[in-house]
Each structure stands twice: as structure tokens, then as C-alpha cells.
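Chemist: Here it is, the structure, as C-alpha cells.
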Amino acid sequence: MLPFILRRFLATIPLLIGISMVSFLIIQLPPGDFATTYQNTLVNQGNLSPEAAEKAADEYRKLYGLDKPVWQQYLRWIEGIVMRGEFGYSFAYKKDVGELIAERLPRTLFLALAAHLISTVLGIVIGIYSATHQYKLGDNLATIFAFTATAVPRFFMALILVYFLVIEVGSPYVNRFTSPQFAFEPMSWAKFLDILKYTWPVILIAGFGGIARNMRVMRGNLLDGLNAQYVTTARSKGLTERAVIYKHAVPNALHPIIMYQGTVLPYMIQGELEAAIVLNMPSLAPMFYSSLAIQDIYVSGGFLFIYAALLVTGNLVADILLMLVDPRIRLG
């Protein structure tokens, strides 16, 4: 078991390096940089003439190393991450990117993990029900739900939900993570319930597509399992249908769901990103979006690096879980 885990872990190191290089290159592709945004702001506000603003922008580039070649900026950035745990300096927020991520990452992970829990549990339960009631009314309704949830964009769902909550209902529980009186309080049951009052729309939207996906995978694999020879053998031994389903067919049908856990957290973060931007939730998503718009490259790069690390870590955990469920994986 240990050699298997070690091989998987060592394989993630060059993968993360490659992802960091591609990510840093992509965020550098748009023309200009943050100094260009800074220059335009000075001119539009009437603080400086165009010539003086351009000179100020050049000085800004020299101060923060934006005048260096891209490869030198990348090496400086990756050296800070590896050697000092620093993700660079945010030009817009005037503070270390690591501090910004540390402030908002727990909120993002809470939203993503909550959406993941709901999507996995409900998806598996609905999938089992659909497979054991094939072509009946419940199965047909679940299938319609799955196709609808997969097809409708999550940002569109967020817009509809915002309209309903703000215009139709007039709900005050929008656009925040918690009430002001709980903002600096330690976690408690009352604060947890208060957080849910504000965050349930994001959790629902982020997990909606996951419910549909898990339901379809569970249904398809369970139907295959129920027609397999080992299930026929179990039935011939006189086992109850409930024992056949839950002790033999369901554990084998869970393999694809377990493998999917490696990619599900970034998928949920992606869903949280779309919903949180529309709802203006104080998580990583709006900060990442705004950093792309103003080319605050170290915020964008830090987010993408954390996103990639979560994806790689998730795949590693999924490999370990699958190995525990199916020992044959250890031979791979």
C-alpha cells in the first residue's frame, strides 16, 4: 500500500509544476498589465496627464518587477511559493496574496464541500431508487431532473434565484456569508445555522449538477450490476432482494462514484465560483474574477495554483479510497 501511495504522490510534483507554468503563462496573455490599469485610472480620474501617468506606470512596473520577462516573473513567483510560502503581492488589495487566500479559502471550501456532500448523498440515493424502479414514474421524473440539471447553466440558475429572493421574496439573506453579529464570533451551532441562511443558494446551485451526474452514474452502474452473474448467484442462494442490492450490487456500483471524488471538489468550486460571482458572496470567486479583469496576476495565479493543487490532491485521495475498496488497484 505504501509504495502505491508514494508513487502517486511523487507523480503529482511534476504535474503541479507544469500546471503552474501553464497557469502563469495564460494569465500573462492579455495585453497590458496591472500598471496599464493603474495608468488608465490616473488619467480617467484626472489626477495626472497622460504623459505623467505613463511615467508613473513605468515606475510601478520597475518597482514590482512587471518590466521583467515572463519567465523571470514566473521563477520569482514560484520561488516565493516553494521557499517562503508566499504567493506574491496583490496590487489591488495592497497585501500578500497568501493572506487573501487564507481569509477566503475556508469559506470557499465550506461551500464546495457542503455542495459535494449534498450532491453525493442525494445523487446516490436517487440513483439507487431509479435503478430499482426502472421505467416507473419516479425513474422517469428523476431522469428528467438529471437532464435538466445538467443542461441549465449554473450562472443562469443563480440569476433566477437572485431575482426570486430579492424581488419576489425580499429576503435579507443575500450577498453575505454571515450576519454582522456573528462576523467575529467563534464557530457555534447558532453561527452555523446563521451561515446556512446566507449560503444555501450557493450550495444548492453548486451541487445541482453533481446530484444529476451522480444519479445518472449510480443508476447506470447499478442496472449493470443487477444483471450481472454474481447477483444472479446471490439470488439463487435465497438472499432477500434488499440484501442482494445493498450488500452485493451497490458496493460494486460505487466504484465510478469513488473515482469521481478526485475531480469533484474543483468541479464544486467551479459551480461555487459561478454562483458566488452572481450572488457577490465574499469567497475566492469574486476576488478571482476581479483580479482577472484588472490583471492582478499574483491573485489570479495563486487561485489557479490552489485550484490545481486541490484537483491533484483530490485525485490522490480518490486513488487511495479506490485502492481500499478494490485491492486489485494496488497492483497497477
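Just so we're on the same page: first chain in the C-alpha cells is A, next is B, and so on; residues restart at 1 for each chain, and ligands are numbered from 1 in the order they show up.
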If DSSP is run on the backbone, what residues of region 36-258 of chain A are strand (DSSP E)? A reply as a PyMOL selection string would be ideal.

Modeler: chain A and resi 89-90+95-96

Chemist: Taking N, CA and C atoms for each residue, export the selection above as a JSON list (two decimals), in the first residue's frame.

Modeler:
[["chain", "number", "residue", "atom", "x", "y", "z"],
["A", 89, "TYR", "N", 2.36, 39.51, -4.26],
["A", 89, "TYR", "CA", 1.76, 40.71, -3.69],
["A", 89, "TYR", "C", 0.57, 41.13, -4.55],
["A", 90, "SER", "N", -0.55, 41.38, -3.91],
["A", 90, "SER", "CA", -1.74, 41.83, -4.63],
["A", 90, "SER", "C", -1.67, 43.33, -4.82],
["A", 95, "LYS", "N", -1.80, 43.80, -0.25],
["A", 95, "LYS", "CA", -1.38, 42.86, 0.79],
["A", 95, "LYS", "C", -0.94, 41.55, 0.15],
["A", 96, "ASP", "N", -0.37, 40.68, 0.94],
["A", 96, "ASP", "CA", 0.13, 39.41, 0.43],
["A", 96, "ASP", "C", -1.03, 38.54, -0.05]]

Chemist: Residues of region 151-325 of chain A in helix (DSSP H, G or I) according to DSSP, as a PyMOL selection string?

Modeler: chain A and resi 151+154-169+180-182+189-226+229-236+241-253+255-279+284-294+297-325

Chemist: With C-alpha atoms retained, could you export that selection as a short mmCIF file (atom, residue, chain, number, x, y, z; two decimals), in the first residue's frame?

Modeler:
data_model
loop_
_atom_site.label_atom_id
_atom_site.label_comp_id
_atom_site.auth_asym_id
_atom_site.auth_seq_id
_atom_site.Cartn_x
_atom_site.Cartn_y
_atom_site.Cartn_z
CA ALA A 151 -28.27 21.36 -19.28
CA ARG A 154 -25.38 27.44 -13.12
CA PHE A 155 -24.96 31.18 -13.55
CA PHE A 156 -28.45 31.27 -15.10
CA MET A 157 -29.83 29.32 -12.14
CA ALA A 158 -28.14 31.85 -9.84
CA LEU A 159 -29.72 34.79 -11.69
CA ILE A 160 -33.19 33.23 -11.39
CA LEU A 161 -32.66 32.52 -7.70
CA VAL A 162 -31.41 36.07 -7.04
CA TYR A 163 -34.45 37.51 -8.77
CA PHE A 164 -36.77 35.29 -6.75
CA LEU A 165 -35.08 36.00 -3.41
CA VAL A 166 -34.57 39.74 -3.85
CA ILE A 167 -37.53 40.85 -5.98
CA GLU A 168 -40.27 38.35 -5.16
CA VAL A 169 -39.47 37.44 -1.57
CA PRO A 180 -22.77 41.11 11.34
CA GLN A 181 -23.23 39.96 14.94
CA PHE A 182 -21.58 36.62 14.12
CA TRP A 189 -24.29 25.97 16.40
CA ALA A 190 -26.07 29.34 16.21
CA LYS A 191 -23.41 30.76 13.89
CA PHE A 192 -23.51 27.62 11.73
CA LEU A 193 -27.28 27.96 11.28
CA ASP A 194 -26.83 31.66 10.51
CA ILE A 195 -24.24 30.82 7.83
CA LEU A 196 -26.63 28.36 6.23
CA LYS A 197 -29.30 31.08 5.95
CA TYR A 198 -26.95 33.05 3.69
CA THR A 199 -25.11 30.28 1.85
CA TRP A 200 -27.82 27.74 0.96
CA PRO A 201 -28.40 29.27 -2.53
CA VAL A 202 -24.72 28.85 -3.47
CA ILE A 203 -24.60 25.33 -2.01
CA LEU A 204 -27.76 24.35 -3.89
CA ILE A 205 -26.60 25.76 -7.23
CA ALA A 206 -23.07 24.34 -6.94
CA GLY A 207 -24.40 20.88 -6.03
CA PHE A 208 -27.29 20.75 -8.50
CA GLY A 209 -25.27 19.42 -11.42
CA GLY A 210 -23.42 17.00 -9.14
CA ILE A 211 -26.70 15.45 -7.99
CA ALA A 212 -27.67 14.82 -11.60
CA ARG A 213 -24.28 13.41 -12.52
CA ASN A 214 -24.06 11.07 -9.52
CA MET A 215 -27.63 9.94 -10.05
CA ARG A 216 -27.00 9.00 -13.71
CA VAL A 217 -23.74 7.19 -12.92
CA MET A 218 -25.21 5.30 -9.98
CA ARG A 219 -28.32 4.33 -11.92
CA GLY A 220 -26.39 3.05 -14.95
CA ASN A 221 -23.84 1.06 -12.98
CA LEU A 222 -26.40 -0.40 -10.60
CA LEU A 223 -28.54 -1.56 -13.52
CA ASP A 224 -25.48 -3.30 -14.97
CA GLY A 225 -24.73 -4.83 -11.58
CA LEU A 226 -28.28 -6.12 -11.07
CA GLN A 229 -23.89 -13.16 -12.78
CA TYR A 230 -22.79 -12.64 -9.16
CA VAL A 231 -26.17 -11.03 -8.42
CA THR A 232 -27.97 -13.96 -10.04
CA THR A 233 -25.90 -16.31 -7.89
CA ALA A 234 -26.76 -14.32 -4.75
CA ARG A 235 -30.44 -14.53 -5.57
CA SER A 236 -30.20 -18.27 -6.21
CA GLU A 241 -33.71 -8.67 -2.66
CA ARG A 242 -32.67 -5.97 -0.18
CA ALA A 243 -29.52 -7.94 0.75
CA VAL A 244 -28.74 -8.58 -2.91
CA ILE A 245 -28.99 -4.87 -3.74
CA TYR A 246 -27.24 -3.29 -0.77
CA LYS A 247 -24.64 -5.95 0.07
CA HIS A 248 -23.62 -7.03 -3.44
CA ALA A 249 -24.77 -4.73 -6.24
CA VAL A 250 -24.45 -1.27 -4.64
CA PRO A 251 -20.81 -1.63 -3.38
CA ASN A 252 -19.65 -2.56 -6.88
CA ALA A 253 -21.68 0.22 -8.47
CA HIS A 255 -16.54 2.38 -7.89
CA PRO A 256 -17.12 5.12 -10.51
CA ILE A 257 -18.54 7.41 -7.82
CA ILE A 258 -15.39 6.92 -5.74
CA MET A 259 -13.15 7.60 -8.75
CA TYR A 260 -15.15 10.76 -9.41
CA GLN A 261 -14.26 12.10 -5.96
CA GLY A 262 -10.85 13.05 -7.34
CA THR A 263 -12.34 15.71 -9.59
CA VAL A 264 -15.47 16.62 -7.69
CA LEU A 265 -14.03 19.29 -5.38
CA PRO A 266 -12.68 21.52 -8.18
CA TYR A 267 -15.97 20.88 -10.03
CA MET A 268 -17.89 22.09 -6.98
CA ILE A 269 -15.54 25.08 -6.63
CA GLN A 270 -16.29 25.89 -10.27
CA GLY A 271 -20.01 25.80 -9.50
CA GLU A 272 -19.42 27.86 -6.37
CA LEU A 273 -17.43 30.34 -8.46
CA GLU A 274 -20.31 30.96 -10.88
CA ALA A 275 -22.94 31.24 -8.15
CA ALA A 276 -20.78 33.31 -5.79
CA ILE A 277 -19.98 35.85 -8.52
CA VAL A 278 -23.68 36.36 -9.27
CA LEU A 279 -24.58 36.50 -5.55
CA LEU A 284 -12.48 33.40 -3.53
CA ALA A 285 -14.69 33.52 -6.61
CA PRO A 286 -15.45 37.28 -6.85
CA MET A 287 -11.85 38.10 -5.91
CA PHE A 288 -10.55 35.81 -8.67
CA TYR A 289 -12.95 37.33 -11.22
CA SER A 290 -11.99 40.90 -10.36
CA SER A 291 -8.28 40.04 -10.40
CA LEU A 292 -8.63 38.75 -13.95
CA ALA A 293 -10.41 41.94 -15.01
CA ILE A 294 -7.68 44.24 -13.64
CA ILE A 297 -1.65 38.47 -11.81
CA TYR A 298 -0.49 37.06 -8.48
CA VAL A 299 -4.05 36.80 -7.15
CA SER A 300 -5.12 35.03 -10.35
CA GLY A 301 -2.06 32.80 -10.35
CA GLY A 302 -2.45 31.96 -6.66
CA PHE A 303 -6.08 30.97 -7.15
CA LEU A 304 -5.27 28.78 -10.15
CA PHE A 305 -2.40 27.13 -8.28
CA ILE A 306 -4.64 26.34 -5.28
CA TYR A 307 -7.32 25.08 -7.66
CA ALA A 308 -4.80 22.77 -9.36
CA ALA A 309 -3.45 21.57 -6.01
CA LEU A 310 -6.98 20.66 -4.90
CA LEU A 311 -7.55 18.77 -8.14
CA VAL A 312 -4.31 16.81 -7.83
CA THR A 313 -4.88 16.13 -4.11
CA GLY A 314 -8.42 15.01 -4.83
CA ASN A 315 -7.21 12.54 -7.42
CA LEU A 316 -4.62 11.20 -4.98
CA VAL A 317 -7.28 10.71 -2.29
CA ALA A 318 -9.57 9.05 -4.82
CA ASP A 319 -6.80 6.61 -5.79
CA ILE A 320 -6.29 5.71 -2.12
CA LEU A 321 -10.02 5.26 -1.50
CA LEU A 322 -10.41 3.13 -4.60
CA MET A 323 -7.43 1.03 -3.52
CA LEU A 324 -9.09 0.40 -0.16
CA VAL A 325 -12.35 -0.62 -1.85
#

Chemist: Write out as a CSV table (one decimal) with C-alpha atoms, in the first residue's frame which residues come within 9 Å of Ala142 (chain A) when counting only C-alpha atoms, dropping same-chain ones fewer than 4 positions away.

Modeler:
chain,number,residue,atom,x,y,z
A,126,ILE,CA,-31.9,8.9,-6.2
A,127,GLY,CA,-29.7,6.7,-8.4
A,130,SER,CA,-34.2,4.9,-10.1
A,137,LEU,CA,-42.9,7.2,-12.7
A,138,GLY,CA,-40.2,8.0,-10.1
A,146,ALA,CA,-31.0,14.9,-14.3
A,147,PHE,CA,-31.1,16.1,-17.9
A,212,ALA,CA,-27.7,14.8,-11.6
A,215,MET,CA,-27.6,9.9,-10.1

Chemist: Tell me which of A:Glu86, A:Lys94, A:Ser119, A:Met281 sits closest to Thr178 (chain A), counting only C-alpha atoms.

Modeler: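 Distance minimum relative to Thr178 (chain A) lands on A:Met281.
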
Chemist: If we count only C-alpha atoms, what is near Phe24 (chain A) at a cut-off of 7 Å, once residues fewer than 3 positions away on the same chain are taken out, given as a list in words?

Modeler: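 Returned residues: Ser20, Met21, Ile27, Gln28, Tyr74 and Gly301 of chain A.
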
Chemist: Neighbours of Thr108 (chain A) within 7 Å (only C-alpha atoms; same-chain residues fewer than 3 positions away dropped), as a CSV table (one decimal) with N, CA and C atoms, in the first residue's frame?

Modeler:
chain,number,residue,atom,x,y,z
A,104,ARG,N,-10.2,33.8,2.6
A,104,ARG,CA,-11.4,33.4,1.8
A,104,ARG,C,-11.5,31.9,1.5
A,105,LEU,N,-10.3,31.2,1.5
A,105,LEU,CA,-10.3,29.8,1.1
A,105,LEU,C,-11.2,29.0,2.1
A,111,LEU,N,-18.3,26.0,1.2
A,111,LEU,CA,-19.4,25.9,0.2
A,111,LEU,C,-19.2,24.7,-0.7
A,112,ALA,N,-18.0,24.5,-1.1
A,112,ALA,CA,-17.8,23.4,-2.1
A,112,ALA,C,-18.0,22.0,-1.4
A,283,SER,N,-16.2,35.1,-1.1
A,283,SER,CA,-15.4,33.9,-1.1
A,283,SER,C,-14.3,34.2,-2.2
A,284,LEU,N,-13.6,33.2,-2.6
A,284,LEU,CA,-12.5,33.4,-3.5
A,284,LEU,C,-13.0,33.8,-4.9

Chemist: Using Å and a single decimal, report how far CA of Pro30 (chain A) sits from CA of Glu54 (chain A).

Modeler: 18.8 Å

Chemist: Just the number, please: distance in Å from CA of Gln39 (chain A) to CA of Gln295 (chain A), one decimal.

Modeler: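 So the answer is 12.8 Å.
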
Chemist: Tell me which of A:Leu2, A:Lys55, A:Ile19, A:Gln72 sits closest to Thr36 (chain A), counting only C-alpha atoms.

Modeler: A:Lys55
